>>> print(open('entry_11.txt').read())   # compact mmCIF, N, CA and C atoms
# COMPACT_ATOMS: atom_id res chain seq x y z
N MET R 146 4.56 -28.48 51.33
CA MET R 146 5.40 -27.57 50.58
C MET R 146 5.38 -27.91 49.10
N ASN R 147 5.45 -29.19 48.76
CA ASN R 147 5.41 -29.61 47.36
C ASN R 147 4.08 -29.25 46.71
N THR R 148 3.01 -29.31 47.48
CA THR R 148 1.69 -28.96 46.97
C THR R 148 1.65 -27.48 46.58
N ILE R 149 2.27 -26.63 47.37
CA ILE R 149 2.29 -25.20 47.08
C ILE R 149 3.10 -24.94 45.81
N LYS R 150 4.26 -25.60 45.66
CA LYS R 150 5.08 -25.43 44.46
C LYS R 150 4.33 -25.92 43.22
N LEU R 151 3.66 -27.04 43.34
CA LEU R 151 2.91 -27.60 42.22
C LEU R 151 1.76 -26.66 41.83
N THR R 152 1.05 -26.15 42.82
CA THR R 152 -0.06 -25.23 42.56
C THR R 152 0.46 -23.96 41.89
N LEU R 153 1.57 -23.42 42.37
CA LEU R 153 2.16 -22.23 41.81
C LEU R 153 2.62 -22.48 40.37
N ALA R 154 3.25 -23.62 40.13
CA ALA R 154 3.72 -23.97 38.78
C ALA R 154 2.54 -24.07 37.81
N ILE R 155 1.46 -24.70 38.24
CA ILE R 155 0.28 -24.84 37.38
C ILE R 155 -0.34 -23.47 37.10
N ALA R 156 -0.42 -22.64 38.12
CA ALA R 156 -1.00 -21.31 37.96
C ALA R 156 -0.17 -20.47 36.99
N LEU R 157 1.15 -20.50 37.14
CA LEU R 157 2.02 -19.73 36.25
C LEU R 157 1.97 -20.25 34.82
N THR R 158 1.95 -21.56 34.67
CA THR R 158 1.87 -22.14 33.34
C THR R 158 0.56 -21.75 32.66
N GLY R 159 -0.52 -21.82 33.39
CA GLY R 159 -1.83 -21.43 32.84
C GLY R 159 -1.86 -19.97 32.48
N ALA R 160 -1.33 -19.12 33.34
CA ALA R 160 -1.32 -17.68 33.07
C ALA R 160 -0.45 -17.36 31.87
N PHE R 161 0.72 -18.01 31.79
CA PHE R 161 1.61 -17.76 30.66
C PHE R 161 0.97 -18.23 29.36
N GLY R 162 0.37 -19.39 29.39
CA GLY R 162 -0.31 -19.92 28.21
C GLY R 162 -1.43 -18.99 27.75
N LEU R 163 -2.20 -18.46 28.68
CA LEU R 163 -3.27 -17.53 28.36
C LEU R 163 -2.70 -16.25 27.76
N ALA R 164 -1.60 -15.78 28.31
CA ALA R 164 -0.97 -14.56 27.79
C ALA R 164 -0.49 -14.77 26.36
N VAL R 165 0.07 -15.92 26.07
CA VAL R 165 0.54 -16.22 24.72
C VAL R 165 -0.63 -16.27 23.75
N VAL R 166 -1.71 -16.92 24.14
CA VAL R 166 -2.88 -17.00 23.28
C VAL R 166 -3.46 -15.61 23.03
N ARG R 167 -3.56 -14.80 24.09
CA ARG R 167 -4.11 -13.46 23.93
C ARG R 167 -3.19 -12.62 23.02
N ALA R 168 -1.89 -12.75 23.14
CA ALA R 168 -0.97 -12.00 22.30
C ALA R 168 -1.14 -12.42 20.84
N ASP R 169 -1.28 -13.72 20.59
CA ASP R 169 -1.49 -14.19 19.23
C ASP R 169 -2.79 -13.66 18.66
N ASP R 170 -3.85 -13.68 19.45
CA ASP R 170 -5.15 -13.17 18.99
C ASP R 170 -5.07 -11.70 18.67
N ALA R 171 -4.41 -10.93 19.53
CA ALA R 171 -4.33 -9.49 19.33
C ALA R 171 -3.51 -9.14 18.10
N SER R 172 -2.45 -9.90 17.85
CA SER R 172 -1.58 -9.56 16.72
C SER R 172 -2.18 -9.97 15.39
N SER R 173 -3.09 -10.93 15.39
CA SER R 173 -3.64 -11.37 14.13
C SER R 173 -4.69 -10.43 13.59
N GLY R 174 -5.37 -9.69 14.45
CA GLY R 174 -6.38 -8.74 14.00
C GLY R 174 -7.54 -9.44 13.34
N SER R 175 -8.45 -8.66 12.79
CA SER R 175 -9.63 -9.24 12.21
C SER R 175 -9.47 -9.51 10.72
N THR R 176 -8.43 -8.97 10.10
CA THR R 176 -8.21 -9.19 8.68
C THR R 176 -6.78 -9.67 8.46
N ALA R 177 -6.61 -10.37 7.37
CA ALA R 177 -5.27 -10.85 7.02
C ALA R 177 -4.43 -9.67 6.55
N PRO R 178 -3.12 -9.70 6.79
CA PRO R 178 -2.28 -8.60 6.33
C PRO R 178 -2.29 -8.53 4.80
N ALA R 179 -2.19 -7.32 4.28
CA ALA R 179 -2.19 -7.14 2.83
C ALA R 179 -0.91 -7.71 2.24
N THR R 180 -1.03 -8.27 1.07
CA THR R 180 0.14 -8.79 0.36
C THR R 180 0.23 -8.07 -0.98
N LEU R 181 1.42 -7.93 -1.45
CA LEU R 181 1.67 -7.23 -2.70
C LEU R 181 1.29 -8.12 -3.88
N PRO R 182 0.38 -7.65 -4.74
CA PRO R 182 0.05 -8.45 -5.93
C PRO R 182 1.29 -8.59 -6.82
N PRO R 183 1.39 -9.69 -7.53
CA PRO R 183 2.55 -9.87 -8.42
C PRO R 183 2.50 -8.90 -9.59
N ALA R 184 3.67 -8.62 -10.14
CA ALA R 184 3.74 -7.77 -11.33
C ALA R 184 3.09 -8.48 -12.50
N SER R 185 2.44 -7.72 -13.35
CA SER R 185 1.83 -8.26 -14.55
C SER R 185 2.92 -8.84 -15.46
N THR R 186 2.54 -9.81 -16.25
CA THR R 186 3.50 -10.39 -17.21
C THR R 186 3.48 -9.66 -18.55
N LYS R 187 2.63 -8.65 -18.67
CA LYS R 187 2.55 -7.87 -19.90
C LYS R 187 3.88 -7.17 -20.15
N THR R 188 4.33 -7.19 -21.38
CA THR R 188 5.56 -6.50 -21.75
C THR R 188 5.24 -5.22 -22.49
N GLY R 189 6.20 -4.30 -22.54
CA GLY R 189 6.02 -3.05 -23.26
C GLY R 189 5.01 -2.12 -22.62
N VAL R 190 4.89 -2.15 -21.29
CA VAL R 190 3.94 -1.30 -20.58
C VAL R 190 4.43 0.14 -20.64
N THR R 191 3.53 1.06 -21.02
CA THR R 191 3.89 2.47 -21.09
C THR R 191 2.95 3.30 -20.23
N PHE R 192 3.42 4.48 -19.86
CA PHE R 192 2.63 5.37 -19.03
C PHE R 192 1.34 5.78 -19.75
N ASP R 193 1.49 6.33 -20.96
CA ASP R 193 0.32 6.88 -21.66
C ASP R 193 -0.73 5.82 -21.98
N THR R 194 -0.32 4.66 -22.41
CA THR R 194 -1.27 3.63 -22.83
C THR R 194 -1.85 2.83 -21.66
N ASP R 195 -1.03 2.47 -20.70
CA ASP R 195 -1.45 1.54 -19.67
C ASP R 195 -1.68 2.14 -18.28
N ILE R 196 -0.83 3.07 -17.88
CA ILE R 196 -0.84 3.55 -16.50
C ILE R 196 -1.72 4.78 -16.32
N LYS R 197 -1.64 5.73 -17.23
CA LYS R 197 -2.43 6.95 -17.10
C LYS R 197 -3.94 6.67 -16.99
N PRO R 198 -4.49 5.72 -17.74
CA PRO R 198 -5.92 5.43 -17.57
C PRO R 198 -6.26 4.92 -16.15
N ILE R 199 -5.38 4.20 -15.53
CA ILE R 199 -5.60 3.73 -14.15
C ILE R 199 -5.59 4.94 -13.21
N PHE R 200 -4.59 5.78 -13.37
CA PHE R 200 -4.50 6.99 -12.54
C PHE R 200 -5.69 7.92 -12.77
N GLN R 201 -6.17 7.98 -14.02
CA GLN R 201 -7.29 8.87 -14.36
C GLN R 201 -8.51 8.56 -13.48
N ASP R 202 -8.81 7.31 -13.31
CA ASP R 202 -9.99 6.91 -12.54
C ASP R 202 -9.82 7.07 -11.03
N SER R 203 -8.63 6.81 -10.52
CA SER R 203 -8.47 6.72 -9.08
C SER R 203 -7.62 7.82 -8.44
N CYS R 204 -6.77 8.47 -9.21
CA CYS R 204 -5.79 9.38 -8.61
C CYS R 204 -5.95 10.85 -9.01
N MET R 205 -6.45 11.09 -10.21
CA MET R 205 -6.48 12.45 -10.75
C MET R 205 -7.31 13.46 -9.95
N PRO R 206 -8.37 13.04 -9.27
CA PRO R 206 -9.10 14.07 -8.51
C PRO R 206 -8.21 14.83 -7.52
N CYS R 207 -7.17 14.21 -7.03
CA CYS R 207 -6.28 14.86 -6.06
C CYS R 207 -4.88 15.13 -6.60
N HIS R 208 -4.45 14.38 -7.61
CA HIS R 208 -3.06 14.43 -8.06
C HIS R 208 -2.92 14.81 -9.53
N SER R 209 -3.61 15.87 -9.92
CA SER R 209 -3.52 16.36 -11.30
C SER R 209 -2.91 17.76 -11.31
N SER R 210 -2.05 18.00 -12.29
CA SER R 210 -1.43 19.34 -12.39
C SER R 210 -2.31 20.30 -13.18
N THR R 211 -3.41 19.82 -13.75
CA THR R 211 -4.26 20.67 -14.58
C THR R 211 -5.56 21.07 -13.89
N GLY R 212 -5.78 20.66 -12.67
CA GLY R 212 -7.02 20.98 -11.96
C GLY R 212 -7.01 22.37 -11.37
N PRO R 213 -8.11 22.72 -10.72
CA PRO R 213 -8.21 24.06 -10.12
C PRO R 213 -7.29 24.24 -8.91
N ARG R 214 -6.87 23.14 -8.31
CA ARG R 214 -5.97 23.21 -7.15
C ARG R 214 -4.65 22.55 -7.47
N LYS R 215 -3.65 22.89 -6.67
CA LYS R 215 -2.35 22.22 -6.81
C LYS R 215 -2.52 20.75 -6.44
N PRO R 216 -1.71 19.88 -7.04
CA PRO R 216 -1.82 18.46 -6.69
C PRO R 216 -1.43 18.22 -5.23
N ARG R 217 -2.18 17.38 -4.56
CA ARG R 217 -1.89 17.07 -3.14
C ARG R 217 -0.49 16.51 -2.99
N GLY R 218 0.19 17.00 -1.99
CA GLY R 218 1.55 16.56 -1.72
C GLY R 218 2.53 16.92 -2.82
N GLY R 219 2.11 17.80 -3.75
CA GLY R 219 2.98 18.16 -4.86
C GLY R 219 3.17 17.05 -5.86
N LEU R 220 2.36 16.00 -5.76
CA LEU R 220 2.51 14.82 -6.62
C LEU R 220 1.49 14.87 -7.76
N ALA R 221 1.96 15.14 -8.96
CA ALA R 221 1.12 15.18 -10.15
C ALA R 221 1.27 13.86 -10.91
N LEU R 222 0.20 13.09 -10.97
CA LEU R 222 0.25 11.79 -11.63
C LEU R 222 -0.38 11.82 -13.02
N ASP R 223 -0.62 13.00 -13.57
CA ASP R 223 -1.24 13.08 -14.88
C ASP R 223 -0.23 13.11 -16.02
N THR R 224 1.05 13.19 -15.69
CA THR R 224 2.10 13.14 -16.72
C THR R 224 3.19 12.17 -16.28
N LEU R 225 3.89 11.65 -17.25
CA LEU R 225 5.02 10.77 -16.95
C LEU R 225 6.07 11.52 -16.15
N ALA R 226 6.39 12.73 -16.58
CA ALA R 226 7.42 13.52 -15.89
C ALA R 226 7.04 13.79 -14.44
N GLY R 227 5.78 14.15 -14.20
CA GLY R 227 5.33 14.42 -12.83
C GLY R 227 5.36 13.18 -11.96
N THR R 228 4.99 12.06 -12.53
CA THR R 228 4.98 10.81 -11.78
C THR R 228 6.39 10.38 -11.41
N VAL R 229 7.30 10.46 -12.37
CA VAL R 229 8.69 10.07 -12.11
C VAL R 229 9.37 11.04 -11.15
N LYS R 230 9.04 12.32 -11.26
CA LYS R 230 9.62 13.34 -10.37
C LYS R 230 9.22 13.10 -8.92
N GLY R 231 7.96 12.78 -8.70
CA GLY R 231 7.47 12.58 -7.34
C GLY R 231 6.85 13.84 -6.78
N GLY R 232 6.73 13.89 -5.46
CA GLY R 232 6.07 15.01 -4.81
C GLY R 232 6.98 15.73 -3.83
N LYS R 233 6.36 16.42 -2.88
CA LYS R 233 7.14 17.21 -1.93
C LYS R 233 8.05 16.36 -1.06
N ASP R 234 7.72 15.07 -0.90
CA ASP R 234 8.56 14.17 -0.10
C ASP R 234 9.55 13.39 -0.95
N GLY R 235 9.63 13.74 -2.23
CA GLY R 235 10.59 13.07 -3.10
C GLY R 235 9.95 12.07 -4.04
N PRO R 236 10.78 11.27 -4.71
CA PRO R 236 10.27 10.29 -5.67
C PRO R 236 9.35 9.26 -5.01
N VAL R 237 8.35 8.80 -5.78
CA VAL R 237 7.42 7.80 -5.26
C VAL R 237 7.63 6.44 -5.91
N LEU R 238 8.59 6.39 -6.83
CA LEU R 238 8.89 5.10 -7.45
C LEU R 238 10.38 4.94 -7.66
N LYS R 239 10.78 3.69 -7.73
CA LYS R 239 12.17 3.34 -8.01
C LYS R 239 12.15 2.52 -9.29
N ALA R 240 12.50 3.14 -10.41
CA ALA R 240 12.47 2.43 -11.69
C ALA R 240 13.26 1.13 -11.57
N GLY R 241 12.62 0.04 -11.98
CA GLY R 241 13.25 -1.27 -11.90
C GLY R 241 12.99 -2.00 -10.60
N ASP R 242 12.33 -1.36 -9.63
CA ASP R 242 12.13 -1.97 -8.31
C ASP R 242 10.75 -1.61 -7.75
N SER R 243 9.73 -2.19 -8.34
CA SER R 243 8.36 -1.87 -7.92
C SER R 243 8.06 -2.30 -6.49
N ALA R 244 8.66 -3.37 -6.04
CA ALA R 244 8.36 -3.89 -4.70
C ALA R 244 8.78 -2.93 -3.60
N HIS R 245 9.67 -2.00 -3.91
CA HIS R 245 10.13 -1.02 -2.92
C HIS R 245 9.74 0.41 -3.31
N SER R 246 8.79 0.54 -4.20
CA SER R 246 8.33 1.86 -4.63
C SER R 246 7.15 2.29 -3.78
N ASP R 247 7.24 3.48 -3.21
CA ASP R 247 6.18 3.99 -2.34
C ASP R 247 4.83 4.04 -3.05
N LEU R 248 4.82 4.36 -4.33
CA LEU R 248 3.58 4.41 -5.09
C LEU R 248 2.86 3.06 -5.04
N VAL R 249 3.58 2.00 -5.28
CA VAL R 249 2.98 0.65 -5.28
C VAL R 249 2.53 0.26 -3.88
N LEU R 250 3.36 0.50 -2.90
CA LEU R 250 3.00 0.14 -1.52
C LEU R 250 1.77 0.91 -1.06
N SER R 251 1.67 2.15 -1.48
CA SER R 251 0.54 2.99 -1.10
C SER R 251 -0.77 2.49 -1.71
N VAL R 252 -0.78 2.21 -3.00
CA VAL R 252 -2.02 1.76 -3.65
C VAL R 252 -2.36 0.31 -3.31
N ALA R 253 -1.36 -0.46 -2.88
CA ALA R 253 -1.61 -1.84 -2.46
C ALA R 253 -1.97 -1.94 -0.98
N HIS R 254 -1.94 -0.81 -0.30
CA HIS R 254 -2.25 -0.74 1.14
C HIS R 254 -1.32 -1.63 1.95
N ILE R 255 -0.03 -1.48 1.68
CA ILE R 255 1.02 -2.22 2.37
C ILE R 255 1.76 -1.25 3.28
N GLY R 256 1.94 -1.63 4.53
CA GLY R 256 2.73 -0.80 5.44
C GLY R 256 2.02 -0.56 6.76
N ASP R 257 2.71 0.18 7.61
CA ASP R 257 2.23 0.41 8.97
C ASP R 257 1.35 1.65 9.11
N ASP R 258 1.28 2.48 8.08
CA ASP R 258 0.56 3.75 8.20
C ASP R 258 -0.63 3.82 7.24
N PRO R 259 -1.82 3.46 7.71
CA PRO R 259 -3.00 3.51 6.84
C PRO R 259 -3.30 4.91 6.30
N ASP R 260 -2.78 5.95 6.95
CA ASP R 260 -2.99 7.31 6.44
C ASP R 260 -2.31 7.51 5.09
N GLY R 261 -1.32 6.69 4.79
CA GLY R 261 -0.62 6.79 3.52
C GLY R 261 -1.22 5.94 2.42
N PHE R 262 -2.25 5.17 2.74
CA PHE R 262 -2.88 4.32 1.73
C PHE R 262 -3.68 5.18 0.76
N MET R 263 -3.60 4.83 -0.51
CA MET R 263 -4.30 5.58 -1.55
C MET R 263 -5.12 4.63 -2.41
N PRO R 264 -6.14 5.13 -3.06
CA PRO R 264 -6.68 6.47 -2.95
C PRO R 264 -7.51 6.64 -1.69
N LYS R 265 -7.72 7.89 -1.32
CA LYS R 265 -8.52 8.20 -0.14
C LYS R 265 -9.88 8.74 -0.57
N ALA R 266 -10.88 8.42 0.22
CA ALA R 266 -12.20 9.01 -0.01
C ALA R 266 -12.16 10.44 0.52
N MET R 267 -12.67 11.36 -0.26
CA MET R 267 -12.64 12.77 0.14
C MET R 267 -14.05 13.35 0.15
N LYS R 268 -14.39 13.98 1.24
CA LYS R 268 -15.65 14.71 1.39
C LYS R 268 -16.86 13.92 0.88
N GLY R 269 -17.07 12.75 1.44
CA GLY R 269 -18.25 11.97 1.10
C GLY R 269 -18.19 11.25 -0.23
N LYS R 270 -17.12 11.41 -0.98
CA LYS R 270 -16.98 10.73 -2.26
C LYS R 270 -16.25 9.41 -2.05
N THR R 271 -16.67 8.41 -2.76
CA THR R 271 -16.02 7.11 -2.66
C THR R 271 -14.84 7.06 -3.62
N ALA R 272 -13.70 6.67 -3.11
CA ALA R 272 -12.51 6.53 -3.95
C ALA R 272 -12.52 5.15 -4.59
N LYS R 273 -12.10 5.09 -5.83
CA LYS R 273 -12.04 3.82 -6.55
C LYS R 273 -10.71 3.13 -6.24
N VAL R 274 -10.75 2.12 -5.38
CA VAL R 274 -9.55 1.39 -4.98
C VAL R 274 -9.05 0.57 -6.17
N LEU R 275 -7.74 0.53 -6.32
CA LEU R 275 -7.16 -0.21 -7.43
C LEU R 275 -7.30 -1.72 -7.22
N THR R 276 -7.49 -2.42 -8.31
CA THR R 276 -7.59 -3.88 -8.28
C THR R 276 -6.19 -4.48 -8.25
N PRO R 277 -6.08 -5.74 -7.86
CA PRO R 277 -4.76 -6.40 -7.92
C PRO R 277 -4.17 -6.39 -9.33
N ASP R 278 -5.02 -6.53 -10.36
CA ASP R 278 -4.52 -6.49 -11.74
C ASP R 278 -3.95 -5.12 -12.09
N GLN R 279 -4.61 -4.06 -11.65
CA GLN R 279 -4.11 -2.71 -11.90
C GLN R 279 -2.79 -2.47 -11.18
N ILE R 280 -2.71 -2.92 -9.93
CA ILE R 280 -1.46 -2.78 -9.18
C ILE R 280 -0.35 -3.58 -9.85
N GLY R 281 -0.69 -4.77 -10.34
CA GLY R 281 0.28 -5.60 -11.06
C GLY R 281 0.78 -4.92 -12.32
N LEU R 282 -0.10 -4.21 -13.01
CA LEU R 282 0.31 -3.49 -14.22
C LEU R 282 1.23 -2.31 -13.87
N ILE R 283 0.92 -1.61 -12.79
CA ILE R 283 1.80 -0.52 -12.33
C ILE R 283 3.16 -1.10 -11.95
N ARG R 284 3.16 -2.25 -11.29
CA ARG R 284 4.42 -2.89 -10.92
C ARG R 284 5.23 -3.24 -12.16
N ALA R 285 4.57 -3.81 -13.18
CA ALA R 285 5.28 -4.18 -14.41
C ALA R 285 5.87 -2.94 -15.07
N TRP R 286 5.10 -1.84 -15.10
CA TRP R 286 5.59 -0.59 -15.69
C TRP R 286 6.84 -0.10 -14.97
N ILE R 287 6.82 -0.12 -13.66
CA ILE R 287 7.99 0.33 -12.87
C ILE R 287 9.16 -0.62 -13.08
N ASP R 288 8.89 -1.93 -13.02
CA ASP R 288 9.96 -2.92 -13.19
C ASP R 288 10.59 -2.83 -14.58
N GLN R 289 9.81 -2.38 -15.57
CA GLN R 289 10.31 -2.24 -16.94
C GLN R 289 10.97 -0.88 -17.19
N GLY R 290 11.15 -0.10 -16.14
CA GLY R 290 11.87 1.17 -16.28
C GLY R 290 11.03 2.42 -16.17
N ALA R 291 9.72 2.29 -15.97
CA ALA R 291 8.82 3.45 -15.79
C ALA R 291 8.95 4.44 -16.94
N LYS R 292 8.65 3.97 -18.14
CA LYS R 292 8.75 4.82 -19.34
C LYS R 292 7.38 5.07 -19.94
>>> encode(input="entry_11.txt", output="structure tokens")
Amino acid sequence: MNTIKLTLAIALTGAFGLAVVRADDASSGSTAPATLPPASTKTGVTFDTDIKPIFQDSCMPCHSSTGPRKPRGGLALDTLAGTVKGGKDGPVLKAGDSAHSDLVLSVAHIGDDPDGFMPKAMKGKTAKVLTPDQIGLIRAWIDQGAK
């Protein structure tokens, strides 16, 4: 009887240990989770001088109010007013709080929904993904009041 209990205990321990290892492997995935780049230390960041050029390269093909089509999601990133206003789902930034601004989380590829990550490649075109330095500059602009 003791042999049966010992065998059962060993089998359950082995199975549980294997299940824990498999769960750890599955949750880690093949890539490390994205982390939010720190805000730039640059002071006096402005939309026209610092942020609009970043948006020009990566965001304007889809989010411009001056193009032949309406901006996707109603979000026009070609003007300060349009960026601060946000899109059809509301504001995309919280002035003074870049770490919780949807705009920053989206371009940094942070979150559970990869469909919301920006920029997106459209119709065979490669989208220019923002660098950590560019994301840091956007963060500094938002943290400084998004002006």
>>> atom_distance(input="entry_11.txt", atom1="atom N of R:Gly218", atom2="atom C of R:Asp257")
19.0 Å
>>> residues_near_point(input="entry_11.txt", point="(1.3, -8.4, -5.2)", cutoff="7 Å", atoms="all atoms listed in the file", output="list in words")
Thr180, Leu181, Pro182, Pro183, Ala184, Pro277, Ile280 and Gly281 of chain R
>>> atom_distance(input="entry_11.txt", atom1="atom C of R:Leu275", atom2="atom N of R:Pro213")
24.7 Å
>>> select_by_dssp(input="entry_11.txt", residues="stretch 231-288 of chain R", states="alpha helix (DSSP H)", output="list in words")
Asp247, Leu248, Val249, Leu250, Ser251, Val252, Pro277, Asp278, Gln279, Ile280, Gly281, Leu282, Ile283, Arg284, Ala285, Trp286, Ile287 and Asp288 of chain R
>>> write_last_selection(input="entry_11.txt", atoms="N, CA and C atoms", output="short mmCIF file (atom, residue, chain, number, x, y, z; two decimals), keeping the file's coordinate frame")
data_model
loop_
_atom_site.label_atom_id
_atom_site.label_comp_id
_atom_site.auth_asym_id
_atom_site.auth_seq_id
_atom_site.Cartn_x
_atom_site.Cartn_y
_atom_site.Cartn_z
N ASP R 247 7.24 3.48 -3.21
CA ASP R 247 6.18 3.99 -2.34
C ASP R 247 4.83 4.04 -3.05
N LEU R 248 4.82 4.36 -4.33
CA LEU R 248 3.58 4.41 -5.09
C LEU R 248 2.86 3.06 -5.04
N VAL R 249 3.58 2.00 -5.28
CA VAL R 249 2.98 0.65 -5.28
C VAL R 249 2.53 0.26 -3.88
N LEU R 250 3.36 0.50 -2.90
CA LEU R 250 3.00 0.14 -1.52
C LEU R 250 1.77 0.91 -1.06
N SER R 251 1.67 2.15 -1.48
CA SER R 251 0.54 2.99 -1.10
C SER R 251 -0.77 2.49 -1.71
N VAL R 252 -0.78 2.21 -3.00
CA VAL R 252 -2.02 1.76 -3.65
C VAL R 252 -2.36 0.31 -3.31
N PRO R 277 -6.08 -5.74 -7.86
CA PRO R 277 -4.76 -6.40 -7.92
C PRO R 277 -4.17 -6.39 -9.33
N ASP R 278 -5.02 -6.53 -10.36
CA ASP R 278 -4.52 -6.49 -11.74
C ASP R 278 -3.95 -5.12 -12.09
N GLN R 279 -4.61 -4.06 -11.65
CA GLN R 279 -4.11 -2.71 -11.90
C GLN R 279 -2.79 -2.47 -11.18
N ILE R 280 -2.71 -2.92 -9.93
CA ILE R 280 -1.46 -2.78 -9.18
C ILE R 280 -0.35 -3.58 -9.85
N GLY R 281 -0.69 -4.77 -10.34
CA GLY R 281 0.28 -5.60 -11.06
C GLY R 281 0.78 -4.92 -12.32
N LEU R 282 -0.10 -4.21 -13.01
CA LEU R 282 0.31 -3.49 -14.22
C LEU R 282 1.23 -2.31 -13.87
N ILE R 283 0.92 -1.61 -12.79
CA ILE R 283 1.80 -0.52 -12.33
C ILE R 283 3.16 -1.10 -11.95
N ARG R 284 3.16 -2.25 -11.29
CA ARG R 284 4.42 -2.89 -10.92
C ARG R 284 5.23 -3.24 -12.16
N ALA R 285 4.57 -3.81 -13.18
CA ALA R 285 5.28 -4.18 -14.41
C ALA R 285 5.87 -2.94 -15.07
N TRP R 286 5.10 -1.84 -15.10
CA TRP R 286 5.59 -0.59 -15.69
C TRP R 286 6.84 -0.10 -14.97
N ILE R 287 6.82 -0.12 -13.66
CA ILE R 287 7.99 0.33 -12.87
C ILE R 287 9.16 -0.62 -13.08
N ASP R 288 8.89 -1.93 -13.02
CA ASP R 288 9.96 -2.92 -13.19
C ASP R 288 10.59 -2.83 -14.58
#
>>> residues_around(input="entry_11.txt", residues="R:Gly189", least_positions_apart="2", cutoff="8 Å", atoms="only N, CA and C atoms", output="NGL selection string")
:R and (186-187 or 191-192 or 195 or 285-286 or 289)
>>> closest_residue(input="entry_11.txt", among="R:Pro259, R:Gly212, R:Arg284, R:Lys273", to="R:Lys239", atoms="only C-alpha atoms")
R:Arg284
>>> atom_distance(input="entry_11.txt", atom1="atom C of R:Leu282", atom2="atom C of R:Ile196")
8.1 Å
>>> closest_residue(input="entry_11.txt", among="R:Asp193, R:Asp288, R:Asp247, R:Asp202", to="R:Val274", atoms="only N, CA and C atoms")
R:Asp202
>>> closest_residue(input="entry_11.txt", among="R:Ala244, R:Phe200, R:Ala179, R:Leu238", to="R:Asp223", atoms="only C-alpha atoms")
R:Phe200
>>> residues_near_point(input="entry_11.txt", point="(9.6, 6.7, -11.4)", cutoff="10 Å", atoms="only C-alpha atoms", output="JSON, numbers by chain")
{"R": [225, 226, 227, 228, 229, 230, 231, 236, 237, 238, 239, 240, 241, 242, 243, 246, 248, 286, 287, 288, 290, 291, 292]}
>>> residues_around(input="entry_11.txt", residues="R:Met263", least_positions_apart="4", cutoff="8 Å", atoms="only C-alpha atoms", output="PyMOL selection string")
chain R and resi 251-254+274
>>> residues_around(input="entry_11.txt", residues="R:Ser210", least_positions_apart="2", cutoff="10 Å", atoms="only C-alpha atoms", output="mmCIF file with N, CA and C atoms, keeping the file's coordinate frame")
data_model
loop_
_atom_site.group_PDB
_atom_site.id
_atom_site.type_symbol
_atom_site.label_atom_id
_atom_site.label_comp_id
_atom_site.auth_asym_id
_atom_site.auth_seq_id
_atom_site.Cartn_x
_atom_site.Cartn_y
_atom_site.Cartn_z
ATOM 1 N N MET R 205 -6.450 11.090 -10.210
ATOM 2 C CA MET R 205 -6.480 12.450 -10.750
ATOM 3 C C MET R 205 -7.310 13.460 -9.950
ATOM 4 N N CYS R 207 -7.170 14.210 -7.030
ATOM 5 C CA CYS R 207 -6.280 14.860 -6.060
ATOM 6 C C CYS R 207 -4.880 15.130 -6.600
ATOM 7 N N HIS R 208 -4.450 14.380 -7.610
ATOM 8 C CA HIS R 208 -3.060 14.430 -8.060
ATOM 9 C C HIS R 208 -2.920 14.810 -9.530
ATOM 10 N N GLY R 212 -5.780 20.660 -12.670
ATOM 11 C CA GLY R 212 -7.020 20.980 -11.960
ATOM 12 C C GLY R 212 -7.010 22.370 -11.370
ATOM 13 N N PRO R 213 -8.110 22.720 -10.720
ATOM 14 C CA PRO R 213 -8.210 24.060 -10.120
ATOM 15 C C PRO R 213 -7.290 24.240 -8.910
ATOM 16 N N ARG R 214 -6.870 23.140 -8.310
ATOM 17 C CA ARG R 214 -5.970 23.210 -7.150
ATOM 18 C C ARG R 214 -4.650 22.550 -7.470
ATOM 19 N N LYS R 215 -3.650 22.890 -6.670
ATOM 20 C CA LYS R 215 -2.350 22.220 -6.810
ATOM 21 C C LYS R 215 -2.520 20.750 -6.440
ATOM 22 N N PRO R 216 -1.710 19.880 -7.040
ATOM 23 C CA PRO R 216 -1.820 18.460 -6.690
ATOM 24 C C PRO R 216 -1.430 18.220 -5.230
ATOM 25 N N ARG R 217 -2.180 17.380 -4.560
ATOM 26 C CA ARG R 217 -1.890 17.070 -3.140
ATOM 27 C C ARG R 217 -0.490 16.510 -2.990
ATOM 28 N N GLY R 219 2.110 17.800 -3.750
ATOM 29 C CA GLY R 219 2.980 18.160 -4.860
ATOM 30 C C GLY R 219 3.170 17.050 -5.860
ATOM 31 N N LEU R 220 2.360 16.000 -5.760
ATOM 32 C CA LEU R 220 2.510 14.820 -6.620
ATOM 33 C C LEU R 220 1.490 14.870 -7.760
ATOM 34 N N ALA R 221 1.960 15.140 -8.960
ATOM 35 C CA ALA R 221 1.120 15.180 -10.150
ATOM 36 C C ALA R 221 1.270 13.860 -10.910
ATOM 37 N N LEU R 222 0.200 13.090 -10.970
ATOM 38 C CA LEU R 222 0.250 11.790 -11.630
ATOM 39 C C LEU R 222 -0.380 11.820 -13.020
ATOM 40 N N ASP R 223 -0.620 13.000 -13.570
ATOM 41 C CA ASP R 223 -1.240 13.080 -14.880
ATOM 42 C C ASP R 223 -0.230 13.110 -16.020
ATOM 43 N N THR R 224 1.050 13.190 -15.690
ATOM 44 C CA THR R 224 2.100 13.140 -16.720
ATOM 45 C C THR R 224 3.190 12.170 -16.280
ATOM 46 N N GLY R 227 5.780 14.150 -14.200
ATOM 47 C CA GLY R 227 5.330 14.420 -12.830
ATOM 48 C C GLY R 227 5.360 13.180 -11.960
#
